[in-house]
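A.B. asks: Input file: structure.csv. Contents: CSV, C-alpha atoms.
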chain,number,residue,atom,x,y,z
M,167,MET,CA,49.4,-150.3,-141.7
M,168,VAL,CA,46.2,-149.3,-139.9
M,169,VAL,CA,43.9,-151.8,-138.2
M,170,TYR,CA,40.4,-151.0,-136.8
M,171,THR,CA,38.2,-153.3,-134.9
M,172,GLN,CA,34.5,-152.7,-134.3
M,173,GLU,CA,31.9,-154.6,-132.5
M,174,HIS,CA,28.1,-154.2,-132.4
M,175,VAL,CA,25.2,-156.1,-130.9
M,176,TYR,CA,22.1,-156.2,-133.0
M,177,ARG,CA,19.0,-156.9,-130.8
M,178,HIS,CA,17.6,-159.0,-133.5
M,179,PRO,CA,17.9,-162.8,-134.2
M,180,TRP,CA,20.7,-164.1,-136.4
M,181,ASP,CA,18.5,-165.1,-139.3
M,182,ARG,CA,17.0,-161.6,-139.5
M,183,VAL,CA,20.3,-159.7,-139.2
M,184,THR,CA,22.0,-161.8,-141.9
M,185,ALA,CA,19.1,-161.4,-144.2
M,186,ALA,CA,19.4,-157.6,-143.6
M,187,ALA,CA,23.1,-157.8,-144.2
M,188,TRP,CA,22.5,-159.3,-147.7
M,189,ARG,CA,20.2,-156.4,-148.5
M,190,LYS,CA,22.5,-153.7,-147.3
M,191,PHE,CA,23.8,-152.6,-150.7
M,192,THR,CA,20.8,-153.5,-152.8
M,193,ASP,CA,17.9,-152.1,-150.8
M,194,PRO,CA,16.5,-149.1,-152.7
M,195,ALA,CA,15.9,-147.2,-149.5
M,196,SER,CA,19.6,-147.5,-148.6
M,197,ARG,CA,20.7,-145.6,-151.8
M,198,THR,CA,20.9,-142.3,-150.1
M,199,ALA,CA,22.7,-143.5,-146.9
M,200,LEU,CA,25.2,-145.5,-148.9
M,201,SER,CA,25.5,-143.1,-151.8
M,202,HIS,CA,29.2,-143.9,-152.2
M,203,VAL,CA,28.2,-147.3,-153.5
M,204,ALA,CA,27.8,-146.9,-157.3
M,205,ASP,CA,27.1,-150.5,-158.3
M,206,VAL,CA,26.8,-154.0,-156.9
M,207,HIS,CA,26.8,-157.3,-158.8
M,208,THR,CA,26.7,-160.9,-157.8
M,209,LEU,CA,29.6,-162.7,-159.6
M,210,HIS,CA,29.5,-166.1,-158.1
M,211,ARG,CA,27.3,-168.2,-155.9
M,212,SER,CA,27.2,-171.8,-154.8
M,213,LEU,CA,25.0,-173.7,-152.4
M,214,ASP,CA,26.0,-176.9,-150.9
M,215,SER,CA,22.7,-178.4,-150.1
M,216,ASP,CA,24.1,-181.2,-148.1
M,217,THR,CA,26.0,-179.1,-145.6
M,218,GLY,CA,23.8,-176.0,-145.7
M,219,ARG,CA,26.7,-173.7,-146.8
M,220,LEU,CA,26.2,-170.8,-149.1
M,221,HIS,CA,29.1,-169.1,-150.8
M,222,ALA,CA,28.8,-165.9,-152.8
M,223,ALA,CA,31.0,-163.2,-154.3
M,224,ARG,CA,29.8,-159.8,-155.2
M,225,SER,CA,31.5,-156.8,-156.8
M,226,ILE,CA,30.9,-153.5,-155.0
M,227,THR,CA,31.9,-150.4,-156.9
M,228,VAL,CA,32.6,-147.5,-154.6
M,229,ARG,CA,33.1,-143.8,-155.2
M,230,SER,CA,36.1,-142.6,-153.1
M,231,LEU,CA,36.3,-139.3,-151.3
M,232,PRO,CA,37.8,-136.7,-153.6
M,233,LEU,CA,41.5,-137.6,-153.9
M,234,PRO,CA,44.5,-135.3,-153.6
M,235,PHE,CA,45.5,-133.5,-156.8
M,236,ILE,CA,48.7,-135.5,-157.4
M,237,LEU,CA,46.8,-138.8,-157.2
M,238,ARG,CA,44.2,-137.6,-159.7
M,239,ARG,CA,47.0,-137.1,-162.2
M,240,LEU,CA,48.0,-140.7,-161.6
M,241,LEU,CA,44.6,-142.2,-161.8
M,242,PRO,CA,42.8,-141.7,-165.1
M,243,ALA,CA,39.5,-142.8,-163.6
M,244,ALA,CA,39.7,-140.0,-161.0
M,245,ALA,CA,40.9,-137.4,-163.4
M,246,ALA,CA,37.8,-138.0,-165.5
M,247,SER,CA,35.3,-137.5,-162.7
M,248,PRO,CA,34.2,-134.0,-161.9
M,249,ASN,CA,35.1,-133.8,-158.2
M,250,GLY,CA,38.3,-135.9,-158.4
M,251,ALA,CA,36.7,-139.0,-156.8
M,252,ALA,CA,37.7,-142.4,-158.2
M,253,LEU,CA,35.6,-145.4,-158.9
M,254,CYS,CA,37.1,-148.4,-157.0
M,255,HIS,CA,36.0,-152.0,-157.4
M,256,CYS,CA,35.9,-154.2,-154.3
M,257,VAL,CA,35.0,-157.8,-154.1
M,258,GLU,CA,33.0,-159.1,-151.2
M,259,THR,CA,33.0,-162.8,-150.5
M,260,SER,CA,30.5,-164.3,-148.1
M,261,LEU,CA,30.2,-167.7,-146.5
M,262,VAL,CA,27.0,-168.6,-144.6
M,263,ASP,CA,26.9,-171.8,-142.6
M,264,ALA,CA,23.3,-172.2,-141.8
M,265,PRO,CA,23.4,-175.2,-139.4
M,266,ARG,CA,26.1,-173.4,-137.3
M,267,ARG,CA,24.4,-170.0,-137.7
M,268,ALA,CA,27.6,-168.4,-138.9
M,269,MET,CA,28.1,-165.7,-141.5
M,270,ASP,CA,31.5,-164.4,-142.5
M,271,VAL,CA,32.2,-161.7,-145.0
M,272,VAL,CA,35.5,-160.5,-146.4
M,273,VAL,CA,35.8,-157.3,-148.6
M,274,ARG,CA,38.9,-156.5,-150.5
M,275,ASN,CA,39.7,-153.8,-153.0
M,276,VAL,CA,40.5,-154.9,-156.5
M,277,SER,CA,41.4,-151.5,-157.9
M,278,LEU,CA,44.5,-149.6,-156.9
M,279,ARG,CA,46.2,-152.6,-155.3
M,280,GLY,CA,49.5,-151.3,-156.4
M,281,LEU,CA,48.9,-148.4,-154.0
M,282,ILE,CA,46.8,-149.6,-151.2
M,283,GLU,CA,45.3,-152.9,-149.9
M,284,VAL,CA,42.1,-152.8,-147.8
M,285,GLU,CA,40.6,-155.8,-146.2
M,286,GLU,CA,37.5,-155.9,-144.1
M,287,ARG,CA,36.6,-159.1,-142.3
M,288,ALA,CA,33.2,-159.3,-140.6
M,289,SER,CA,31.4,-162.0,-138.7
M,290,TYR,CA,27.8,-162.4,-137.6
M,291,ARG,CA,27.1,-164.9,-134.8
M,292,PRO,CA,24.3,-165.5,-132.3
M,293,HIS,CA,25.1,-163.5,-129.2
M,294,PRO,CA,26.4,-165.8,-126.4
M,295,ASP,CA,24.1,-164.4,-123.8
M,296,ARG,CA,20.9,-164.5,-125.9
M,297,PRO,CA,21.6,-166.7,-128.9
M,298,ASP,CA,18.0,-166.8,-130.1
M,299,ASP,CA,17.4,-163.0,-129.8
M,300,TRP,CA,20.6,-161.1,-130.4
M,301,THR,CA,23.4,-161.1,-132.9
M,302,GLN,CA,27.1,-160.3,-132.3
M,303,PHE,CA,28.8,-158.4,-135.1
M,304,ARG,CA,32.6,-158.1,-135.3
M,305,GLN,CA,34.6,-156.3,-137.9
M,306,GLU,CA,38.3,-155.9,-138.5
M,307,THR,CA,39.5,-153.5,-141.2
M,308,THR,CA,43.1,-153.6,-142.3
M,309,ILE,CA,44.5,-150.8,-144.5
M,310,ARG,CA,48.0,-151.2,-145.9
M,311,CYS,CA,49.8,-148.9,-148.2
M,312,ARG,CA,52.3,-150.1,-150.7
M,313,PRO,CA,55.6,-148.4,-149.9
M,314,LEU,CA,56.4,-147.0,-153.3
M,315,ALA,CA,59.3,-144.8,-152.1
M,316,ALA,CA,58.5,-141.9,-154.3
M,317,LEU,CA,54.9,-141.9,-153.2
M,318,ALA,CA,55.2,-142.6,-149.5
M,319,ALA,CA,54.0,-139.2,-148.4
M,320,VAL,CA,51.1,-139.3,-150.8
M,321,ALA,CA,50.3,-142.9,-149.8
M,322,GLU,CA,50.0,-141.9,-146.2
M,323,LYS,CA,47.4,-139.3,-147.2
M,324,VAL,CA,45.5,-141.9,-149.1
M,325,GLU,CA,45.6,-144.3,-146.2
M,326,ASN,CA,44.1,-141.7,-144.0
M,327,ARG,CA,41.5,-140.7,-146.6
M,328,CYS,CA,40.5,-144.3,-147.0
M,329,ALA,CA,40.4,-145.0,-143.3
M,330,GLU,CA,38.1,-142.0,-142.8
M,331,ARG,CA,35.8,-143.2,-145.5
M,332,PHE,CA,35.7,-146.8,-144.2
M,333,LEU,CA,34.9,-145.7,-140.7
M,334,GLN,CA,32.1,-143.4,-141.9
M,335,ASN,CA,30.7,-146.2,-144.0
M,336,SER,CA,30.9,-148.9,-141.4
M,337,ALA,CA,28.8,-146.7,-139.1
M,338,LYS,CA,26.4,-146.0,-142.0
M,339,GLY,CA,26.3,-149.7,-142.9
M,340,ARG,CA,25.3,-150.6,-139.3
M,341,ASP,CA,22.5,-148.1,-139.4
M,342,VAL,CA,21.2,-149.5,-142.7
M,343,VAL,CA,21.3,-153.0,-141.3
M,344,GLU,CA,19.4,-151.9,-138.2
M,345,ARG,CA,16.8,-150.2,-140.3
M,346,ILE,CA,16.3,-153.2,-142.6
M,347,CYS,CA,16.1,-155.5,-139.5
M,348,ARG,CA,13.2,-153.3,-138.2
M,349,TYR,CA,11.6,-153.5,-141.6
M,350,LEU,CA,11.9,-157.3,-141.7
M,351,GLU,CA,10.6,-157.6,-138.1
M,352,ALA,CA,7.5,-155.6,-139.1
M,353,GLU,CA,7.1,-157.6,-142.2
M,354,ALA,CA,7.2,-160.8,-140.3
M,355,ALA,CA,4.6,-159.5,-138.0
M,356,GLY,CA,2.4,-158.8,-141.0
M,357,ALA,CA,2.5,-155.0,-140.5
M,358,ALA,CA,4.8,-153.9,-143.2
M,359,PRO,CA,3.8,-152.3,-146.4
M,360,SER,CA,4.4,-154.8,-149.2
M,361,ALA,CA,7.1,-152.7,-150.9
M,362,ILE,CA,10.6,-154.0,-151.8
O,72,MET,CA,28.5,-171.3,-172.1
O,73,VAL,CA,31.2,-168.8,-172.8
O,74,PHE,CA,30.4,-166.0,-175.2
O,75,GLY,CA,33.1,-164.3,-177.2
O,76,ARG,CA,33.9,-161.2,-175.2
O,77,SER,CA,32.2,-158.4,-177.1
O,78,LYS,CA,34.5,-155.5,-176.9
O,79,SER,CA,32.3,-153.8,-179.5
O,80,SER,CA,31.5,-150.3,-178.4
O,81,SER,CA,33.9,-148.8,-175.9
O,82,SER,CA,33.9,-145.3,-177.4
O,83,THR,CA,30.2,-144.7,-177.7
O,84,THR,CA,29.5,-142.7,-174.5
O,85,PRO,CA,32.0,-140.1,-173.7
O,86,SER,CA,30.4,-139.2,-170.4
O,87,SER,CA,30.4,-142.6,-168.9
O,88,ALA,CA,32.9,-141.7,-166.1
O,89,SER,CA,30.3,-141.1,-163.4
O,90,ALA,CA,27.6,-143.3,-164.8
O,91,PRO,CA,27.1,-146.8,-163.5
O,92,SER,CA,28.6,-149.6,-165.6
O,93,LYS,CA,27.2,-150.9,-168.8
O,94,ALA,CA,26.5,-154.1,-167.1
O,95,ALA,CA,24.3,-152.3,-164.5
O,96,ALA,CA,22.2,-150.7,-167.2
O,97,ALA,CA,21.9,-153.8,-169.3
O,98,CYS,CA,21.2,-156.3,-166.5
O,99,SER,CA,19.3,-154.2,-164.0
O,100,GLU,CA,16.0,-156.0,-164.5
O,101,LEU,CA,17.5,-159.5,-164.3
O,102,ARG,CA,19.5,-158.4,-161.2
O,103,ALA,CA,16.4,-157.1,-159.5
O,104,ALA,CA,14.5,-160.3,-160.2
O,105,TYR,CA,17.3,-162.3,-158.8
O,106,HIS,CA,17.6,-160.2,-155.7
O,107,GLU,CA,14.0,-160.4,-155.0
O,108,CYS,CA,14.1,-164.1,-155.3
O,109,PHE,CA,17.2,-164.4,-153.2
O,110,ASN,CA,16.1,-162.1,-150.4
O,111,ARG,CA,12.9,-164.0,-150.0
O,112,TRP,CA,14.5,-167.4,-150.2
O,113,TYR,CA,17.3,-166.5,-147.8
O,114,ALA,CA,15.0,-165.0,-145.1
O,115,ASP,CA,12.1,-167.5,-145.4
O,116,LYS,CA,14.0,-170.7,-146.1
O,117,PHE,CA,17.8,-170.8,-145.9
O,118,ALA,CA,18.4,-168.9,-142.7
O,119,LYS,CA,15.6,-170.9,-141.0
O,120,GLY,CA,17.1,-174.3,-141.8
O,121,GLN,CA,15.6,-175.2,-145.2
O,122,TRP,CA,18.7,-175.1,-147.4
O,123,GLN,CA,18.1,-178.2,-149.4
O,124,SER,CA,16.8,-176.6,-152.6
O,125,ASP,CA,18.2,-173.6,-154.5
O,126,GLU,CA,15.1,-171.9,-155.6
O,127,CYS,CA,16.7,-169.0,-157.3
O,128,ALA,CA,19.0,-170.9,-159.6
O,129,ASP,CA,17.0,-170.0,-162.7
O,130,HIS,CA,17.0,-166.3,-161.9
O,131,TRP,CA,20.7,-166.5,-161.2
O,132,HIS,CA,21.6,-168.2,-164.5
O,133,LYS,CA,19.8,-165.6,-166.5
O,134,TYR,CA,21.4,-162.7,-164.6
O,135,ARG,CA,24.8,-164.3,-164.9
O,136,ALA,CA,24.5,-164.8,-168.6
O,137,CYS,CA,23.8,-161.1,-168.9
O,138,LEU,CA,26.8,-160.2,-166.9
O,139,GLU,CA,28.9,-162.5,-169.0
O,140,GLU,CA,27.9,-160.5,-172.0
O,141,HIS,CA,28.2,-157.0,-170.5
O,142,LEU,CA,30.6,-156.9,-167.7
O,143,GLU,CA,33.7,-155.0,-168.8
O,144,ASP,CA,36.2,-154.8,-165.9
O,145,LYS,CA,38.7,-157.6,-166.5
O,146,HIS,CA,39.2,-158.5,-162.8
O,147,LEU,CA,35.5,-158.7,-162.2
O,148,ARG,CA,35.1,-160.8,-165.4
O,149,GLN,CA,37.8,-163.2,-164.1
O,150,ILE,CA,35.8,-163.7,-160.9
O,151,LEU,CA,32.6,-164.2,-162.8
O,152,LEU,CA,34.1,-166.8,-165.1
O,153,ASP,CA,36.1,-168.7,-162.5
O,154,ALA,CA,35.8,-167.3,-159.0
O,155,GLU,CA,37.9,-170.0,-157.3
O,156,THR,CA,41.0,-169.2,-159.2
O,157,SER,CA,40.9,-165.5,-158.8
O,158,ALA,CA,43.3,-163.9,-156.5
O,159,PHE,CA,40.6,-161.5,-155.3
O,160,TYR,CA,38.3,-164.3,-154.2
O,161,ALA,CA,38.9,-164.5,-150.5
O,162,ARG,CA,37.5,-167.6,-149.0
O,163,PRO,CA,36.2,-166.7,-145.6
O,164,GLU,CA,36.8,-169.6,-143.2
O,165,ALA,CA,34.0,-170.1,-140.8
O,166,ASP,CA,35.9,-173.0,-139.2
O,167,PRO,CA,39.5,-174.2,-139.5
O,168,PRO,CA,40.5,-175.3,-143.0
O,169,SER,CA,39.3,-178.8,-143.3
O,170,GLU,CA,36.6,-179.0,-145.9
O,171,GLN,CA,37.2,-178.5,-149.5
O,172,GLY,CA,34.2,-176.3,-149.9
O,173,ALA,CA,31.0,-176.1,-151.8
O,174,THR,CA,29.7,-178.0,-154.8
O,175,LYS,CA,29.3,-176.1,-158.1
Show me this structure written as structure tokens.
C.D. replies:
Amino acid sequence: MVVYTQEHVYRHPWDRVTAAAWRKFTDPASRTALSHVADVHTLHRSLDSDTGRLHAARSITVRSLPLPFILRRLLPAAAASPNGAALCHCVETSLVDAPRRAMDVVVRNVSLRGLIEVEERASYRPHPDRPDDWTQFRQETTIRCRPLAALAAVAEKVENRCAERFLQNSAKGRDVVERICRYLEAEAAGAAPSAI
Amino acid sequence: MVFGRSKSSSSTTPSSASAPSKAAAACSELRAAYHECFNRWYADKFAKGQWQSDECADHWHKYRACLEEHLEDKHLRQILLDAETSAFYARPEADPPSEQGATK
């Protein structure tokens, strides 16, 4: 099992950062930066208008890094794609508590769970030092391989391959959120082009 | 409002391996309209304290109906049809488990 923790301070207020976080996968300008994301759909949403809580679940379909040959043989989806990458479905569930200014996001893989379980938990909170100006982001990624005895060696490779990909993508995701924050900031100031 | 699952044409496009899903193609406009509404509502209203009305419900219902018709993956369908009972639907807990969660 591998666990990674990451923290980041956005120098933007909580409402802007969380608005940007929602747009992360769907913003057209992020397509190239997050080219591993093949498809995103909202599957569920509910708003509790009394308490100001918003729940949502989205599917995120991700192209993996090219997989080792043996795994390609095991995974029809990967075998079919030209470079041996697989399409994996993940589900992202989010809870935003507006009165408390708290956003929590959990991403789990749906595909390949017999082989590997990935869970990424992230939170966005007003930064304790400057709660109205900055946002504290925390993320914990847990990757666990299923110990299929015959596949243990391969599984370890997959674990590493997935970990590499997740770390790359977390960094990219942060950059994308930073960029969208700047865009929203400019838009709020009335200076942005009216695109998107 | 449950449609019969239309498993009609699974063998039509042989090169669908790298293409986005059928649902993406069929529902892209409804999805875009919903996102546009949601992004605006979230940034301008919800995150700033005006959470009393769900302004994008209409867009959402149309988009969801389209997904119900076109979404193929069985796990994702399960979440679409009944999120709360799906094993993949993790409920992030912003505070200790006390409340029973949101209304439908």
A.B. asks: Set out as CSV a contact list for chain M and chain O with a cut-off of 6 Å, giving each residue of chain M that qualifies its closest atom pair and distance in Å to one decimal, counting only C-alpha atoms, ordered by chain and rising residue number.
C.D. replies:
residue,atom,partner,partner_atom,distance
M:Asp181,CA,O:Ala118,CA,5.1
M:Ala185,CA,O:Ala114,CA,5.5
M:Leu209,CA,O:Leu151,CA,4.6
M:His210,CA,O:Leu151,CA,5.9
M:Ser212,CA,O:Lys175,CA,5.8
M:Asp214,CA,O:Ala173,CA,5.1
M:Ser215,CA,O:Gln123,CA,4.7
M:Gly218,CA,O:Trp122,CA,5.5
M:Ser247,CA,O:Ala88,CA,5.9
M:Ala264,CA,O:Ala118,CA,6.0
A.B. asks: What does the distance from atom CA of M:Trp300 to atom CA of M:Asn335 come to in Å, to one decimal?
C.D. replies: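 Going from atom CA of M:Trp300 over to atom CA of M:Asn335, I get 22.6 Å.
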A.B. asks: So how many Å separate atom CA of M:His221 and atom CA of M:Gln305, to one decimal?
C.D. replies: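 Going from atom CA of M:His221 over to atom CA of M:Gln305 covers 19.0 Å.
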A.B. asks: How far is it from atom CA of M:Glu351 to atom CA of M:Pro297, in Å with one decimal?
C.D. replies: 17.0 Å
A.B. asks: Please list as a list in words every residue within 8 Å of O:Leu101, counting all atoms listed in the file and excluding residues in the same chain fewer than 6 positions away.
C.D. replies: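 With the cut-off at 8 Å, the set is His130, Lys133, Tyr134 and Cys137 of chain O.
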A.B. asks: Excluding same-chain residues fewer than 5 positions from stretch 186-201 of chain M, what lies within 8 Å of it counting only C-alpha atoms, as number ranges by chain?
C.D. replies: M: 206, 335, 338-339, 342-344, 346-347, 350, 362; O: 106, 110
A.B. asks: Choose the residue, out of M:Arg219, M:Arg345, M:Ser260, M:Pro265, that has the smallest atom-to-atom separation from M:Arg287; count only C-alpha atoms.
C.D. replies: M:Ser260
